[in-house]
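The structure under discussion appears below in the form of structure tokens.
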Amino acid sequence: MTTLDSGAALQHQVPRNRMLNVVRLQFVNTQTFIWVPALVLGGSWVLSMMIFWIIGGAGVTEVKAGGGSQAPLWYFLAIGIQAMTMTFPFSQAMSLTRREFFLGSLAAAAVSGLGMSLVFVLLGLFEQATGGYGINGYFAYLDWVWAAGPFAAGLTYLTATLFFFTIGFWFATIFKRFGALGLTIVLLALGLALVGFIALVTFQQAWPAVGQWFTDTGALGLTLWAIPVTGLLAVGSYLTLRRMPA
């Protein structure tokens, strides 16, 4: 009886640890989730500082905002692709389920994104305190992103990292499931949908209203919209992954 109870307890404990195993698996190569994003952020900061210094040396004293802090966000698209294509085969060799692999990969992206968001907020606070490094130059602190405060700015940055990661992960999943032809068809369909939206707004002469909506919604409002959109993308990515051959 004791043996049966111990076996049942072990069965309940193993699944809880399997998702953590995926997180560890994703962080085996620390370059993907840690060092390359940090290098992208640091490199874009250095380049921005050089540009601010050059502009300031030319006698420009107005606010200089480059927005280079968004550079790592685009890299999270590549992280999503790498998390799928480079790690999925290993997860199958470890007998991990697709659900465990997906949730663990998303958790790994959240950990990395949270670290990047913390750096982003700390840089923004430092820029506020120093008047833009004393040269009125702002890398992380952008008025429209920080309008609702540092917590909201950090949430916006974190949501953006997960949004781009999920897109990259889903594109990679589509490629693995349907091949280059399937991915190309999906990208073309998305392009046509975008062109159709642009045409609709243009013919309705609604661009001022669209611009006003973005202004009124603000960064925090757009973030709150982006959270369920990211959730829908994640669901679509998981459903595609479930039907993908090993």
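Chain labels follow the order of the structure tokens: the first chain is A, the next B, and so on; residue numbering restarts at 1 in every chain, and ligands are counted from 1 in their shown order.
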>> If DSSP is run on the backbone, what residues of range 11-236 of chain A are alpha helix (DSSP H)? A reply as an NGL selection string would be ideal.
In response: :A and (11-26 or 30 or 36-57 or 71-85 or 88-93 or 98-130 or 150-203 or 207-236)
>> Excluding range 148-164 of chain A and its own-chain neighbours fewer than 5 positions away, which residues fall within 7 Å of it when counting only C-alpha atoms? Please give them as a PyMOL selection string.
In response: chain A and resi 73-74+76-77+109-110+113-114+117-118+121+220+223+227+230
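Candidate residues A:Ala219, A:Ile81, A:Ala180, A:Phe171 were compared for distance to Asp143 in chain A, and the nearest is A:Ala219, using only C-alpha atoms.
Neighbours of range 208-215 of chain A closer than or equal to 12 Å, with only C-alpha atoms counted and sequence neighbours fewer than 4 positions away skipped, come out as A:Trp144, A:Val145, A:Ala147, A:Phe197, A:Ile198, A:Leu200, A:Val201, A:Thr202, A:Gln204, A:Ala219, A:Leu220, A:Gly221, A:Leu222, A:Thr223, A:Trp225.
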> So which residues touch Ser105 in chain A within 7 Å, counting only C-alpha atoms, skipping near sequence neighbours fewer than 6 positions away, as a ChimeraX atom specification?
Replying inline: /A:22-23,26,83
Can you write out the residues you just picked, keeping N, CA and C atoms, as an mmCIF file, in the first residue's frame?
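To be explicit, this is the file written out as part.cif:
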data_model
loop_
_atom_site.group_PDB
_atom_site.id
_atom_site.type_symbol
_atom_site.label_atom_id
_atom_site.label_comp_id
_atom_site.auth_asym_id
_atom_site.auth_seq_id
_atom_site.Cartn_x
_atom_site.Cartn_y
_atom_site.Cartn_z
ATOM 1 N N VAL A 22 11.939 22.179 -19.297
ATOM 2 C CA VAL A 22 11.943 22.889 -20.576
ATOM 3 C C VAL A 22 12.614 24.253 -20.421
ATOM 4 N N VAL A 23 12.297 24.944 -19.323
ATOM 5 C CA VAL A 23 12.927 26.242 -19.073
ATOM 6 C C VAL A 23 14.442 26.077 -18.979
ATOM 7 N N GLN A 26 15.884 25.473 -22.406
ATOM 8 C CA GLN A 26 15.993 26.685 -23.213
ATOM 9 C C GLN A 26 17.179 27.547 -22.771
ATOM 10 N N ALA A 83 13.822 29.153 -30.386
ATOM 11 C CA ALA A 83 13.275 28.313 -29.326
ATOM 12 C C ALA A 83 12.520 27.124 -29.898
#
>> So that I can check the surroundings of Gly67 in chain A, please list as a list in words every protein, DNA and RNA residue that reaches within 7 Å of it, counting only C-alpha atoms and ignoring chain neighbours fewer than 3 positions away.
In response: Gln70, Phe139 and Ala140 of chain A
Generate a file of the selected residues that holds N, CA, C and O atoms, formatted as an mmCIF file, in the first residue's frame.
data_model
loop_
_atom_site.group_PDB
_atom_site.id
_atom_site.type_symbol
_atom_site.label_atom_id
_atom_site.label_comp_id
_atom_site.auth_asym_id
_atom_site.auth_seq_id
_atom_site.Cartn_x
_atom_site.Cartn_y
_atom_site.Cartn_z
ATOM 1 N N GLN A 70 14.058 49.714 -28.294
ATOM 2 C CA GLN A 70 13.169 48.753 -28.933
ATOM 3 C C GLN A 70 13.940 47.689 -29.711
ATOM 4 O O GLN A 70 13.355 46.676 -30.123
ATOM 5 N N PHE A 139 17.171 57.425 -24.110
ATOM 6 C CA PHE A 139 17.215 56.130 -24.776
ATOM 7 C C PHE A 139 16.011 55.276 -24.405
ATOM 8 O O PHE A 139 15.330 54.720 -25.262
ATOM 9 N N ALA A 140 15.731 55.153 -23.113
ATOM 10 C CA ALA A 140 14.631 54.319 -22.632
ATOM 11 C C ALA A 140 13.412 55.135 -22.230
ATOM 12 O O ALA A 140 12.287 54.654 -22.329
#
>> If you run DSSP on the backbone here, which positions in range 27-215 of chain A get strand (DSSP E)? Please write them as number ranges by chain.
In response: A: 64-65, 137-138
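The space separating CA of Tyr138 in chain A from CA of Lys64 in chain A comes to 6.1 Å.
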> Separation of CA of Phe165 in chain A and CA of Ile79 in chain A, in Å?
Replying inline: 6.3 Å
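Our summary of the geometry notes that CA of Ala107 in chain A is positioned 19.6 Å from CA of Leu224 in chain A.
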